[in-house]
$ cat my_file.cif   # mmCIF, C-alpha atoms
data_input
loop_
_atom_site.group_PDB
_atom_site.id
_atom_site.type_symbol
_atom_site.label_atom_id
_atom_site.label_comp_id
_atom_site.auth_asym_id
_atom_site.auth_seq_id
_atom_site.Cartn_x
_atom_site.Cartn_y
_atom_site.Cartn_z
ATOM 1 C CA MET A 958 -53.177 54.685 57.711
ATOM 2 C CA SER A 959 -49.876 54.393 55.979
ATOM 3 C CA SER A 960 -49.542 50.800 57.114
ATOM 4 C CA SER A 961 -52.980 49.909 55.740
ATOM 5 C CA LEU A 962 -52.201 51.580 52.405
ATOM 6 C CA PHE A 963 -48.889 49.716 52.158
ATOM 7 C CA SER A 964 -50.691 46.428 52.863
ATOM 8 C CA ARG A 965 -53.270 47.022 50.133
ATOM 9 C CA THR A 966 -50.552 48.009 47.676
ATOM 10 C CA SER A 967 -48.577 44.835 48.433
ATOM 11 C CA ARG A 968 -51.639 42.662 47.866
ATOM 12 C CA LEU A 969 -52.244 44.407 44.530
ATOM 13 C CA VAL A 970 -48.649 43.785 43.361
ATOM 14 C CA ILE A 971 -48.813 40.118 44.407
ATOM 15 C CA SER A 972 -52.103 39.699 42.517
ATOM 16 C CA GLN A 973 -50.661 41.208 39.323
ATOM 17 C CA THR A 974 -47.591 39.016 39.646
ATOM 18 C CA LYS A 975 -49.746 35.878 39.858
ATOM 19 C CA THR A 976 -51.752 37.003 36.835
ATOM 20 C CA LEU A 977 -48.517 37.507 34.861
ATOM 21 C CA ALA A 978 -47.287 34.001 35.816
ATOM 22 C CA SER A 979 -50.612 32.503 34.749
ATOM 23 C CA ASN A 980 -50.487 34.268 31.376
ATOM 24 C CA THR A 981 -46.881 33.184 30.845
ATOM 25 C CA THR A 982 -47.706 29.508 31.346
ATOM 26 C CA GLN A 983 -50.473 29.815 28.751
ATOM 27 C CA ASN A 984 -48.261 31.305 26.055
ATOM 28 C CA LEU A 985 -49.025 30.177 22.537
ATOM 29 C CA THR A 986 -47.034 30.262 19.275
ATOM 30 C CA ASN A 987 -48.135 32.727 16.609
ATOM 31 C CA ALA A 988 -47.622 32.498 12.833
ATOM 32 C CA THR A 989 -44.103 33.951 13.063
ATOM 33 C CA GLY A 990 -42.914 31.081 15.259
ATOM 34 C CA LYS A 991 -42.339 33.214 18.399
ATOM 35 C CA LEU A 992 -43.934 32.780 21.823
ATOM 36 C CA CYS A 993 -46.816 35.146 22.566
ATOM 37 C CA THR A 994 -49.842 35.635 24.800
ATOM 38 C CA PRO A 995 -53.332 34.419 23.803
ATOM 39 C CA ASN A 996 -54.229 37.912 22.618
ATOM 40 C CA GLN A 997 -51.094 38.083 20.431
ATOM 41 C CA ALA A 998 -51.881 34.635 19.006
ATOM 42 C CA ILE A 999 -55.237 35.974 17.802
ATOM 43 C CA ASN A 1000 -53.622 39.086 16.348
ATOM 44 C CA PRO A 1001 -49.905 38.528 15.720
ATOM 45 C CA HIS A 1002 -49.357 42.171 14.774
ATOM 46 C CA SER A 1003 -50.760 43.545 18.032
ATOM 47 C CA GLN A 1004 -48.334 44.670 20.700
ATOM 48 C CA ILE A 1005 -49.697 44.712 24.275
ATOM 49 C CA ARG A 1006 -47.480 46.664 26.628
ATOM 50 C CA GLN A 1007 -48.627 45.447 30.058
ATOM 51 C CA PHE A 1008 -45.523 46.748 31.825
ATOM 52 C CA GLY A 1009 -44.797 49.938 29.932
ATOM 53 C CA ARG A 1010 -41.330 50.788 28.616
ATOM 54 C CA LYS A 1011 -39.594 48.136 30.685
ATOM 55 C CA ALA A 1012 -41.667 45.428 29.027
ATOM 56 C CA GLY A 1013 -40.711 46.828 25.607
ATOM 57 C CA LYS A 1014 -37.030 46.666 26.476
ATOM 58 C CA MET A 1015 -37.518 43.141 27.753
ATOM 59 C CA GLY A 1016 -39.175 42.111 24.468
ATOM 60 C CA LYS A 1017 -36.369 43.653 22.448
ATOM 61 C CA HIS A 1018 -33.825 41.819 24.563
ATOM 62 C CA LEU A 1019 -35.648 38.524 24.001
ATOM 63 C CA GLU A 1020 -35.677 39.160 20.252
ATOM 64 C CA ASN A 1021 -31.902 39.725 20.315
ATOM 65 C CA LEU A 1022 -31.392 36.493 22.227
ATOM 66 C CA ASP A 1023 -33.569 34.652 19.712
ATOM 67 C CA GLU A 1024 -31.570 36.076 16.795
ATOM 68 C CA PHE A 1025 -28.282 35.165 18.499
ATOM 69 C CA ALA A 1026 -29.497 31.582 19.019
ATOM 70 C CA HIS A 1027 -30.403 31.308 15.336
ATOM 71 C CA GLN A 1028 -26.994 32.656 14.354
ATOM 72 C CA GLU A 1029 -25.291 29.952 16.436
ATOM 73 C CA ASN A 1030 -27.454 27.268 14.812
ATOM 74 C CA ARG A 1031 -26.587 28.562 11.349
ATOM 75 C CA LYS A 1032 -22.868 28.537 12.194
ATOM 76 C CA GLN A 1033 -23.073 24.957 13.460
ATOM 77 C CA LYS A 1034 -24.886 23.828 10.301
ATOM 78 C CA LYS A 1035 -22.310 25.617 8.142
ATOM 79 C CA ASN A 1036 -19.383 24.006 9.967
ATOM 80 C CA SER A 1037 -21.067 20.621 9.771
ATOM 81 C CA SER A 1038 -21.539 21.049 6.036
ATOM 82 C CA LYS A 1039 -17.866 21.979 5.584
ATOM 83 C CA HIS A 1040 -16.779 18.975 7.637
ATOM 84 C CA ASN A 1041 -18.935 16.629 5.571
ATOM 85 C CA ASN A 1042 -17.582 18.064 2.322
ATOM 86 C CA SER A 1043 -14.029 17.719 3.623
ATOM 87 C CA SER A 1044 -14.660 14.113 4.655
ATOM 88 C CA THR A 1045 -16.152 13.354 1.245
ATOM 89 C CA THR A 1046 -13.150 14.902 -0.507
ATOM 90 C CA THR A 1047 -10.713 12.982 1.705
ATOM 91 C CA THR A 1048 -12.547 9.729 1.069
ATOM 92 C CA THR A 1049 -12.551 10.349 -2.676
ATOM 93 C CA THR A 1050 -8.837 11.173 -2.655
ATOM 94 C CA ALA A 1051 -8.023 8.065 -0.605
ATOM 95 C CA ALA A 1052 -10.041 5.901 -2.980
ATOM 96 C CA ALA A 1053 -8.243 7.376 -5.973
ATOM 97 C CA ALA A 1054 -4.854 6.802 -4.321
ATOM 98 C CA ALA A 1055 -5.764 3.204 -3.529
ATOM 99 C CA GLN A 1056 -6.724 2.673 -7.150
ATOM 100 C CA GLU A 1057 -3.453 4.176 -8.380
ATOM 101 C CA THR A 1058 -1.298 1.964 -6.161
ATOM 102 C CA SER A 1059 -2.984 -1.304 -7.124
ATOM 103 C CA PHE A 1060 -1.896 -3.276 -10.166
ATOM 104 C CA GLU A 1061 -2.204 -6.756 -11.535
ATOM 105 C CA VAL A 1062 0.527 -9.144 -10.445
ATOM 106 C CA GLU A 1063 1.848 -11.079 -13.402
ATOM 107 C CA ASP A 1064 3.348 -14.561 -13.295
ATOM 108 C CA ILE A 1065 7.125 -14.830 -12.984
ATOM 109 C CA ILE A 1066 8.569 -17.397 -15.358
ATOM 110 C CA LEU A 1067 12.222 -18.429 -15.083
ATOM 111 C CA ALA A 1068 13.972 -19.975 -18.044
ATOM 112 C CA GLU A 1069 15.232 -23.501 -17.401
ATOM 113 C CA ASP A 1070 18.444 -25.034 -18.723
ATOM 114 C CA GLU A 1071 18.102 -28.608 -19.930
ATOM 115 C CA GLN A 1072 21.792 -29.218 -19.255
ATOM 116 C CA GLU A 1073 21.501 -28.518 -15.521
ATOM 117 C CA THR A 1074 20.376 -32.103 -14.830
ATOM 118 C CA LYS A 1075 22.772 -33.906 -17.169
ATOM 119 C CA PHE A 1076 25.903 -35.431 -15.607
ATOM 120 C CA ASP A 1077 28.248 -37.002 -18.151
ATOM 121 C CA HIS A 1078 31.555 -36.761 -16.298
ATOM 122 C CA GLY A 1079 34.358 -38.678 -17.974
ATOM 123 C CA ARG A 1080 32.292 -39.582 -21.025
ATOM 124 C CA SER A 1081 33.888 -38.913 -24.429
ATOM 125 C CA GLU A 1082 33.531 -39.948 -28.048
ATOM 126 C CA GLU A 1083 36.209 -42.575 -27.557
ATOM 127 C CA ASN A 1084 34.655 -44.067 -24.444
ATOM 128 C CA GLU A 1085 30.935 -43.345 -24.250
ATOM 129 C CA SER A 1086 30.382 -45.800 -21.390
ATOM 130 C CA ALA A 1087 32.850 -44.148 -19.046
ATOM 131 C CA THR A 1088 31.200 -41.983 -16.363
ATOM 132 C CA ALA A 1089 32.663 -40.421 -13.232
ATOM 133 C CA LEU A 1090 30.945 -39.467 -10.005
ATOM 134 C CA PRO A 1091 29.560 -35.914 -9.919
ATOM 135 C CA SER A 1092 31.743 -33.487 -8.006
ATOM 136 C CA LYS A 1093 30.385 -31.533 -5.069
ATOM 137 C CA ASP A 1094 31.526 -28.213 -6.576
ATOM 138 C CA ASP A 1095 29.807 -28.905 -9.892
ATOM 139 C CA VAL A 1096 26.506 -29.822 -8.211
ATOM 140 C CA GLN A 1097 26.655 -26.784 -5.963
ATOM 141 C CA GLN A 1098 27.417 -24.488 -8.890
ATOM 142 C CA ARG A 1099 24.387 -25.751 -10.810
ATOM 143 C CA MET A 1100 22.097 -25.336 -7.826
ATOM 144 C CA MET A 1101 23.306 -21.838 -6.986
ATOM 145 C CA LYS A 1102 22.891 -20.781 -10.610
ATOM 146 C CA VAL A 1103 19.201 -21.613 -10.279
ATOM 147 C CA VAL A 1104 18.943 -19.815 -6.925
ATOM 148 C CA HIS A 1105 20.687 -16.703 -8.272
ATOM 149 C CA ALA A 1106 18.300 -16.636 -11.242
ATOM 150 C CA MET A 1107 15.393 -16.534 -8.796
ATOM 151 C CA GLU A 1108 17.063 -13.788 -6.753
ATOM 152 C CA HIS A 1109 17.641 -11.725 -9.897
ATOM 153 C CA SER A 1110 13.976 -12.023 -10.859
ATOM 154 C CA PHE A 1111 12.981 -10.771 -7.384
ATOM 155 C CA LYS A 1112 14.910 -7.523 -7.911
ATOM 156 C CA ALA A 1113 12.458 -6.470 -10.614
ATOM 157 C CA ILE A 1114 9.496 -6.877 -8.233
ATOM 158 C CA ARG A 1115 8.210 -3.811 -6.434
ATOM 159 C CA GLY A 1116 8.394 -3.817 -2.676
ATOM 160 C CA ALA A 1117 7.248 -1.428 0.022
ATOM 161 C CA GLU A 1118 10.314 0.749 -0.649
ATOM 162 C CA PRO A 1119 11.674 1.100 -4.209
ATOM 163 C CA SER A 1120 15.323 0.471 -5.077
ATOM 164 C CA PRO A 1121 17.463 1.104 -8.180
ATOM 165 C CA GLU A 1122 17.456 -2.659 -8.853
ATOM 166 C CA LEU A 1123 13.790 -2.264 -9.758
ATOM 167 C CA PHE A 1124 14.943 -0.961 -13.156
ATOM 168 C CA ASP A 1125 17.619 -3.586 -13.854
ATOM 169 C CA SER A 1126 15.414 -5.377 -16.379
ATOM 170 C CA VAL A 1127 14.779 -2.249 -18.487
ATOM 171 C CA GLN A 1128 16.092 -2.420 -22.035
ATOM 172 C CA VAL A 1129 16.610 0.842 -23.939
ATOM 173 C CA LYS A 1130 16.738 1.226 -27.693
ATOM 174 C CA ALA A 1131 19.860 3.345 -28.058
ATOM 175 C CA TYR A 1132 22.470 3.708 -30.797
ATOM 176 C CA GLY A 1133 20.697 1.203 -33.022
ATOM 177 C CA SER A 1134 20.409 -1.698 -30.559
ATOM 178 C CA MET A 1135 18.737 -2.728 -27.305
ATOM 179 C CA THR A 1136 20.927 -1.740 -24.377
ATOM 180 C CA PRO A 1137 20.550 -2.285 -20.610
ATOM 181 C CA LEU A 1138 19.416 0.828 -18.779
ATOM 182 C CA ASN A 1139 22.458 0.885 -16.483
ATOM 183 C CA ALA A 1140 24.679 1.232 -19.573
ATOM 184 C CA VAL A 1141 23.114 4.533 -20.640
ATOM 185 C CA ALA A 1142 21.834 6.060 -17.381
ATOM 186 C CA GLN A 1143 22.063 6.100 -13.597
ATOM 187 C CA VAL A 1144 19.041 5.492 -11.355
ATOM 188 C CA VAL A 1145 18.676 7.344 -8.047
ATOM 189 C CA ILE A 1146 15.751 6.902 -5.652
ATOM 190 C CA SER A 1147 15.229 10.458 -4.412
ATOM 191 C CA SER A 1148 12.220 9.576 -2.241
ATOM 192 C CA PRO A 1149 9.938 6.574 -1.591
ATOM 193 C CA THR A 1150 7.678 7.860 -4.366
ATOM 194 C CA MET A 1151 10.145 9.226 -6.928
ATOM 195 C CA ALA A 1152 13.004 7.844 -9.019
ATOM 196 C CA ILE A 1153 15.328 10.098 -11.040
ATOM 197 C CA ILE A 1154 17.096 8.567 -14.028
ATOM 198 C CA THR A 1155 20.024 10.669 -15.220
ATOM 199 C CA CYS A 1156 21.014 9.844 -18.786
ATOM 200 C CA PHE A 1157 24.681 9.990 -19.731
ATOM 201 C CA ASP A 1158 23.590 11.267 -23.145
ATOM 202 C CA PRO A 1159 20.575 13.617 -23.031
ATOM 203 C CA GLU A 1160 19.538 12.405 -26.482
ATOM 204 C CA THR A 1161 18.644 9.007 -24.986
ATOM 205 C CA CYS A 1162 16.090 10.459 -22.539
ATOM 206 C CA SER A 1163 13.169 9.730 -24.824
ATOM 207 C CA ALA A 1164 14.248 6.110 -25.331
ATOM 208 C CA VAL A 1165 14.779 5.668 -21.581
ATOM 209 C CA LYS A 1166 11.318 7.079 -20.898
ATOM 210 C CA ASP A 1167 9.784 4.601 -23.356
ATOM 211 C CA GLY A 1168 11.683 1.696 -21.833
ATOM 212 C CA VAL A 1169 10.518 2.542 -18.311
ATOM 213 C CA ARG A 1170 6.950 3.095 -19.463
ATOM 214 C CA ASP A 1171 6.887 -0.352 -21.102
ATOM 215 C CA MET A 1172 8.055 -2.209 -17.964
ATOM 216 C CA THR A 1173 5.829 -5.240 -17.469
ATOM 217 C CA GLY A 1174 3.288 -4.930 -14.660
ATOM 218 C CA MET A 1175 4.551 -1.555 -13.372
ATOM 219 C CA ASN A 1176 2.204 0.997 -14.976
ATOM 220 C CA PHE A 1177 4.782 3.760 -14.583
ATOM 221 C CA ASN A 1178 4.182 7.157 -16.178
ATOM 222 C CA PRO A 1179 7.664 8.726 -16.575
ATOM 223 C CA ARG A 1180 8.336 12.230 -17.875
ATOM 224 C CA VAL A 1181 11.420 14.048 -19.151
ATOM 225 C CA GLU A 1182 12.585 17.193 -17.344
ATOM 226 C CA ASP A 1183 15.910 19.027 -17.649
ATOM 227 C CA GLY A 1184 17.773 16.157 -19.266
ATOM 228 C CA ALA A 1185 16.550 13.553 -16.758
ATOM 229 C CA VAL A 1186 13.684 11.087 -16.607
ATOM 230 C CA LEU A 1187 11.440 11.447 -13.562
ATOM 231 C CA VAL A 1188 9.485 8.354 -12.570
ATOM 232 C CA PRO A 1189 6.698 8.785 -9.989
ATOM 233 C CA ILE A 1190 6.398 5.570 -7.969
ATOM 234 C CA PRO A 1191 3.044 5.259 -6.175
ATOM 235 C CA ARG A 1192 2.999 3.190 -3.020
ATOM 236 C CA VAL A 1193 1.805 -0.365 -3.453
ATOM 237 C CA SER A 1194 -1.505 -1.183 -1.771
ATOM 238 C CA ALA A 1195 -1.647 -3.854 0.936
ATOM 239 C CA GLU A 1196 -3.835 -6.067 -1.244
ATOM 240 C CA THR A 1197 -1.345 -5.952 -4.104
ATOM 241 C CA ARG A 1198 1.589 -6.643 -1.780
ATOM 242 C CA LYS A 1199 -0.140 -9.765 -0.473
ATOM 243 C CA ALA A 1200 -0.649 -10.936 -4.059
ATOM 244 C CA ILE A 1201 3.043 -10.304 -4.795
ATOM 245 C CA VAL A 1202 4.129 -12.321 -1.754
ATOM 246 C CA LYS A 1203 1.910 -15.175 -2.876
ATOM 247 C CA GLN A 1204 3.501 -15.058 -6.333
ATOM 248 C CA LEU A 1205 6.985 -15.075 -4.790
ATOM 249 C CA GLY A 1206 6.092 -18.244 -2.891
ATOM 250 C CA LYS A 1207 5.159 -19.963 -6.153
ATOM 251 C CA VAL A 1208 8.434 -18.934 -7.791
ATOM 252 C CA ALA A 1209 10.433 -20.121 -4.773
ATOM 253 C CA GLU A 1210 8.659 -23.484 -4.774
ATOM 254 C CA GLY A 1211 9.382 -23.933 -8.477
ATOM 255 C CA THR A 1212 13.057 -23.112 -7.851
ATOM 256 C CA LYS A 1213 13.228 -25.665 -5.032
ATOM 257 C CA GLN A 1214 11.896 -28.302 -7.394
ATOM 258 C CA ARG A 1215 14.643 -27.476 -9.880
ATOM 259 C CA VAL A 1216 17.271 -27.784 -7.140
ATOM 260 C CA ARG A 1217 15.841 -31.154 -6.130
ATOM 261 C CA ARG A 1218 15.879 -32.341 -9.740
ATOM 262 C CA ILE A 1219 19.584 -31.514 -9.943
ATOM 263 C CA ARG A 1220 20.130 -33.501 -6.756
ATOM 264 C CA ARG A 1221 18.119 -36.436 -8.074
ATOM 265 C CA ALA A 1222 20.053 -36.495 -11.357
ATOM 266 C CA ALA A 1223 23.374 -36.431 -9.471
ATOM 267 C CA GLN A 1224 22.257 -39.133 -7.045
ATOM 268 C CA ASP A 1225 21.193 -41.347 -9.956
ATOM 269 C CA VAL A 1226 24.803 -41.335 -11.155
ATOM 270 C CA VAL A 1227 26.040 -41.974 -7.611
ATOM 271 C CA LYS A 1228 23.724 -44.968 -7.340
ATOM 272 C CA LEU A 1229 25.409 -46.491 -10.380
ATOM 273 C CA GLY A 1230 28.703 -46.112 -8.554
ATOM 274 C CA LYS A 1231 27.293 -47.800 -5.442
ATOM 275 C CA ASP A 1232 26.172 -50.698 -7.633
ATOM 276 C CA GLY A 1233 29.625 -50.949 -9.239
ATOM 277 C CA LYS A 1234 28.342 -49.936 -12.688
ATOM 278 C CA LEU A 1235 30.679 -46.978 -13.248
ATOM 279 C CA GLY A 1236 33.835 -48.989 -13.672
ATOM 280 C CA PRO A 1237 36.543 -50.433 -11.452
ATOM 281 C CA GLY A 1238 38.067 -47.038 -10.622
ATOM 282 C CA ILE A 1239 35.094 -46.001 -8.447
ATOM 283 C CA SER A 1240 34.664 -47.682 -5.100
ATOM 284 C CA GLU A 1241 31.468 -47.997 -3.114
ATOM 285 C CA ASP A 1242 32.961 -45.849 -0.344
ATOM 286 C CA ASP A 1243 33.624 -43.050 -2.830
ATOM 287 C CA ALA A 1244 30.041 -43.236 -4.003
ATOM 288 C CA PHE A 1245 28.669 -42.982 -0.421
ATOM 289 C CA ARG A 1246 30.954 -40.035 0.322
ATOM 290 C CA VAL A 1247 29.828 -38.138 -2.775
ATOM 291 C CA SER A 1248 26.190 -38.927 -1.965
ATOM 292 C CA LYS A 1249 26.504 -37.223 1.433
ATOM 293 C CA GLU A 1250 28.251 -34.230 -0.121
ATOM 294 C CA ILE A 1251 25.429 -33.818 -2.626
ATOM 295 C CA ASP A 1252 22.828 -33.893 0.137
ATOM 296 C CA ALA A 1253 24.822 -31.289 2.078
ATOM 297 C CA VAL A 1254 25.077 -28.807 -0.809
ATOM 298 C CA THR A 1255 21.394 -29.369 -1.561
ATOM 299 C CA GLU A 1256 20.452 -28.406 1.988
ATOM 300 C CA ASP A 1257 22.719 -25.349 1.853
ATOM 301 C CA SER A 1258 21.177 -24.219 -1.439
ATOM 302 C CA ILE A 1259 17.627 -24.602 -0.090
ATOM 303 C CA ASN A 1260 18.543 -22.614 3.027
ATOM 304 C CA ILE A 1261 19.980 -19.784 0.934
ATOM 305 C CA LEU A 1262 16.853 -19.826 -1.210
ATOM 306 C CA ASN A 1263 14.622 -19.580 1.873
ATOM 307 C CA ASP A 1264 16.657 -16.658 3.218
ATOM 308 C CA ILE A 1265 16.294 -14.771 -0.079
ATOM 309 C CA LEU A 1266 12.547 -15.398 -0.101
ATOM 310 C CA GLU A 1267 12.078 -14.319 3.515
ATOM 311 C CA GLN A 1268 14.086 -11.145 3.019
ATOM 312 C CA LYS A 1269 12.068 -10.187 -0.052
ATOM 313 C CA ARG A 1270 8.800 -10.921 1.749
ATOM 314 C CA ASP A 1271 9.798 -8.672 4.638
ATOM 315 C CA ASN A 1272 10.766 -5.893 2.231
ATOM 316 C CA ILE A 1273 7.444 -6.068 0.401
ATOM 317 C CA MET A 1274 5.253 -6.177 3.516
ATOM 318 C CA LEU A 1275 7.207 -3.439 5.278
ATOM 319 C CA VAL A 1276 4.819 -0.647 6.311
#

$ encode --input "my_file.cif" --output "structure tokens"
Amino acid sequence: MSSSLFSRTSRLVISQTKTLASNTTQNLTNATGKLCTPNQAINPHSQIRQFGRKAGKMGKHLENLDEFAHQENRKQKKNSSKHNNSSTTTTTTAAAAAQETSFEVEDIILAEDEQETKFDHGRSEENESATALPSKDDVQQRMMKVVHAMEHSFKAIRGAEPSPELFDSVQVKAYGSMTPLNAVAQVVISSPTMAIITCFDPETCSAVKDGVRDMTGMNFNPRVEDGAVLVPIPRVSAETRKAIVKQLGKVAEGTKQRVRRIRRAAQDVVKLGKDGKLGPGISEDDAFRVSKEIDAVTEDSINILNDILEQKRDNIMLV
């Protein structure tokens, strides 16, 4: 008897379990967006308790899980929004920095001396036809003067890392006349992005600030603080540095042409000596010797020029 009752009870439980599984697979979505049975879909406000209090606890638990899942989604969306805003701000800041560090590269023009190619050795008012061979030292001195002028112009060009020589060209209106900056102040590079100019006389700070602000092609914005002039130096963008290097190449090529013109002018005089047109005191052997010396100092000058150019290029492109 007991065994038969237990068997019937088991079959009843299995049947109800299958019915529950069938109803679960046919769940629909009501107007609130939650899963429900067909009866709940018809009447979303109805609550059918098929399993008594346990089913109610189960439903409450499912609602808590649903709320927790929505909270996680909201947190993810919030974090994503913050990340996007941060990325936008970073991009905007980077773009502004790139704009601040770019500037127009102006042409570098070196003054030329007409006398650098004139060789009138031995000529005087009494004997205008007399001419001596150019000396090696004189030719070398003329060539190196041109090379040093180029090197000096390079000091005023911004590189990857600033240096006090950057301000060598600054002229300050002090004590009634234009005065070089190094005569009224001392420049110290405190960091790669800041220069501090300490004025010997605090009353000249305003004039120093104006002189630095008016530097050609620099776009500096100096300010006066505690008797010193602070000059923020933004880093130069890669695009601007490439343009500077290109401009340096043009200046170096122009300087080489000046060196070669000095050589050509000297060799023209030597050629007269080889042809015996400089007088009996100059032999052909002397003319050939001087010609070789001129070629040697020309090569040395060009090599020094190339070294100066290469060093400046490396300094500008240094990352």

$ residues_around --input "my_file.cif" --residues "Met1100 (chain A)" --least-positions-apart "4" --cutoff "12 Å" --atoms "only C-alpha atoms" --output "PyMOL selection string"
chain A and resi 1069-1070+1073-1074+1093-1096+1104-1107+1212-1223+1251-1262

$ closest_residue --input "my_file.cif" --among "A:Phe1111, A:Ala1244, A:Lys1166, A:Phe1157" --to "Gln1143 (chain A)" --atoms "all atoms listed in the file"
A:Phe1157

$ resolve_selection --input "my_file.cif" --expression "the PyMOL selection byres ((chain A and resi 1185-1196) around 7)" --output "PyMOL selection string"
chain A and resi 1055+1057-1059+1117+1150-1156+1162+1166+1177-1184+1197-1200

$ resolve_selection --input "my_file.cif" --expression "the PyMOL selection byres ((chain A and resi 1121) around 12)" --output "PDB file with C-alpha atoms, in the frame of the given file"
ATOM      1  CA  LYS A1112      14.910  -7.523  -7.911  1.00  0.00           C
ATOM      2  CA  ALA A1113      12.458  -6.470 -10.614  1.00  0.00           C
ATOM      3  CA  ILE A1114       9.496  -6.877  -8.233  1.00  0.00           C
ATOM      4  CA  ARG A1115       8.210  -3.811  -6.434  1.00  0.00           C
ATOM      5  CA  GLY A1116       8.394  -3.817  -2.676  1.00  0.00           C
ATOM      6  CA  GLU A1118      10.314   0.749  -0.649  1.00  0.00           C
ATOM      7  CA  PRO A1119      11.674   1.100  -4.209  1.00  0.00           C
ATOM      8  CA  SER A1120      15.323   0.471  -5.077  1.00  0.00           C
ATOM      9  CA  GLU A1122      17.456  -2.659  -8.853  1.00  0.00           C
ATOM     10  CA  LEU A1123      13.790  -2.264  -9.758  1.00  0.00           C
ATOM     11  CA  PHE A1124      14.943  -0.961 -13.156  1.00  0.00           C
ATOM     12  CA  ASP A1125      17.619  -3.586 -13.854  1.00  0.00           C
ATOM     13  CA  SER A1126      15.414  -5.377 -16.379  1.00  0.00           C
ATOM     14  CA  VAL A1127      14.779  -2.249 -18.487  1.00  0.00           C
ATOM     15  CA  LEU A1138      19.416   0.828 -18.779  1.00  0.00           C
ATOM     16  CA  ASN A1139      22.458   0.885 -16.483  1.00  0.00           C
ATOM     17  CA  ALA A1142      21.834   6.060 -17.381  1.00  0.00           C
ATOM     18  CA  GLN A1143      22.063   6.100 -13.597  1.00  0.00           C
ATOM     19  CA  VAL A1144      19.041   5.492 -11.355  1.00  0.00           C
ATOM     20  CA  VAL A1145      18.676   7.344  -8.047  1.00  0.00           C
ATOM     21  CA  ILE A1146      15.751   6.902  -5.652  1.00  0.00           C
ATOM     22  CA  SER A1147      15.229  10.458  -4.412  1.00  0.00           C
ATOM     23  CA  SER A1148      12.220   9.576  -2.241  1.00  0.00           C
ATOM     24  CA  PRO A1149       9.938   6.574  -1.591  1.00  0.00           C
ATOM     25  CA  MET A1151      10.145   9.226  -6.928  1.00  0.00           C
ATOM     26  CA  ALA A1152      13.004   7.844  -9.019  1.00  0.00           C
ATOM     27  CA  ILE A1153      15.328  10.098 -11.040  1.00  0.00           C
ATOM     28  CA  ILE A1154      17.096   8.567 -14.028  1.00  0.00           C
ATOM     29  CA  VAL A1188       9.485   8.354 -12.570  1.00  0.00           C
ATOM     30  CA  ILE A1190       6.398   5.570  -7.969  1.00  0.00           C
TER      31      ILE A1190
END

$ closest_residue --input "my_file.cif" --among "A:Leu1266, A:Asn1272, A:Asp1077, A:Leu1090" --to "Gly1230 (chain A)" --atoms "all atoms listed in the file"
A:Leu1090

$ atom_distance --input "my_file.cif" --atom1 "CA of Leu1067 (chain A)" --atom2 "CA of Gln1204 (chain A)"
12.8 Å

$ atom_distance --input "my_file.cif" --atom1 "CA of His1109 (chain A)" --atom2 "CA of Arg1170 (chain A)"
20.6 Å

$ atom_distance --input "my_file.cif" --atom1 "CA of Asp1225 (chain A)" --atom2 "CA of Gly1211 (chain A)"
21.1 Å

$ residues_around --input "my_file.cif" --residues "Asp1243 (chain A)" --least-positions-apart "3" --cutoff "9 Å" --atoms "all atoms listed in the file" --output "list in words"
Leu1090, Gly1230, Lys1231, Ile1239, Ser1240, Arg1246, Val1247 and Ser1248 of chain A

$ resolve_selection --input "my_file.cif" --expression "the PyMOL selection byres ((chain A and resi 1235) around 9)" --output "list in words"
Ser1086, Ala1087, Thr1088, Ala1089, Leu1090, Val1226, Val1227, Leu1229, Gly1230, Lys1231, Asp1232, Gly1233, Lys1234, Gly1236, Pro1237, Gly1238 and Ile1239 of chain A

$ write_last_selection --input "my_file.cif" --atoms "C-alpha atoms" --output "PDB file, keeping the file's coordinate frame"
ATOM      1  CA  SER A1086      30.382 -45.800 -21.390  1.00  0.00           C
ATOM      2  CA  ALA A1087      32.850 -44.148 -19.046  1.00  0.00           C
ATOM      3  CA  THR A1088      31.200 -41.983 -16.363  1.00  0.00           C
ATOM      4  CA  ALA A1089      32.663 -40.421 -13.232  1.00  0.00           C
ATOM      5  CA  LEU A1090      30.945 -39.467 -10.005  1.00  0.00           C
ATOM      6  CA  VAL A1226      24.803 -41.335 -11.155  1.00  0.00           C
ATOM      7  CA  VAL A1227      26.040 -41.974  -7.611  1.00  0.00           C
ATOM      8  CA  LEU A1229      25.409 -46.491 -10.380  1.00  0.00           C
ATOM      9  CA  GLY A1230      28.703 -46.112  -8.554  1.00  0.00           C
ATOM     10  CA  LYS A1231      27.293 -47.800  -5.442  1.00  0.00           C
ATOM     11  CA  ASP A1232      26.172 -50.698  -7.633  1.00  0.00           C
ATOM     12  CA  GLY A1233      29.625 -50.949  -9.239  1.00  0.00           C
ATOM     13  CA  LYS A1234      28.342 -49.936 -12.688  1.00  0.00           C
ATOM     14  CA  GLY A1236      33.835 -48.989 -13.672  1.00  0.00           C
ATOM     15  CA  PRO A1237      36.543 -50.433 -11.452  1.00  0.00           C
ATOM     16  CA  GLY A1238      38.067 -47.038 -10.622  1.00  0.00           C
ATOM     17  CA  ILE A1239      35.094 -46.001  -8.447  1.00  0.00           C
TER      18      ILE A1239
END

$ closest_residue --input "my_file.cif" --among "A:Gln1098, A:Asn1263, A:Thr1136, A:Ser1110" --to "Val1165 (chain A)" --atoms "only C-alpha atoms"
A:Thr1136

$ closest_residue --input "my_file.cif" --among "A:Arg1270, A:Asp1242, A:Glu1108, A:Gln1128" --to "Thr1173 (chain A)" --atoms "all atoms listed in the file"
A:Gln1128
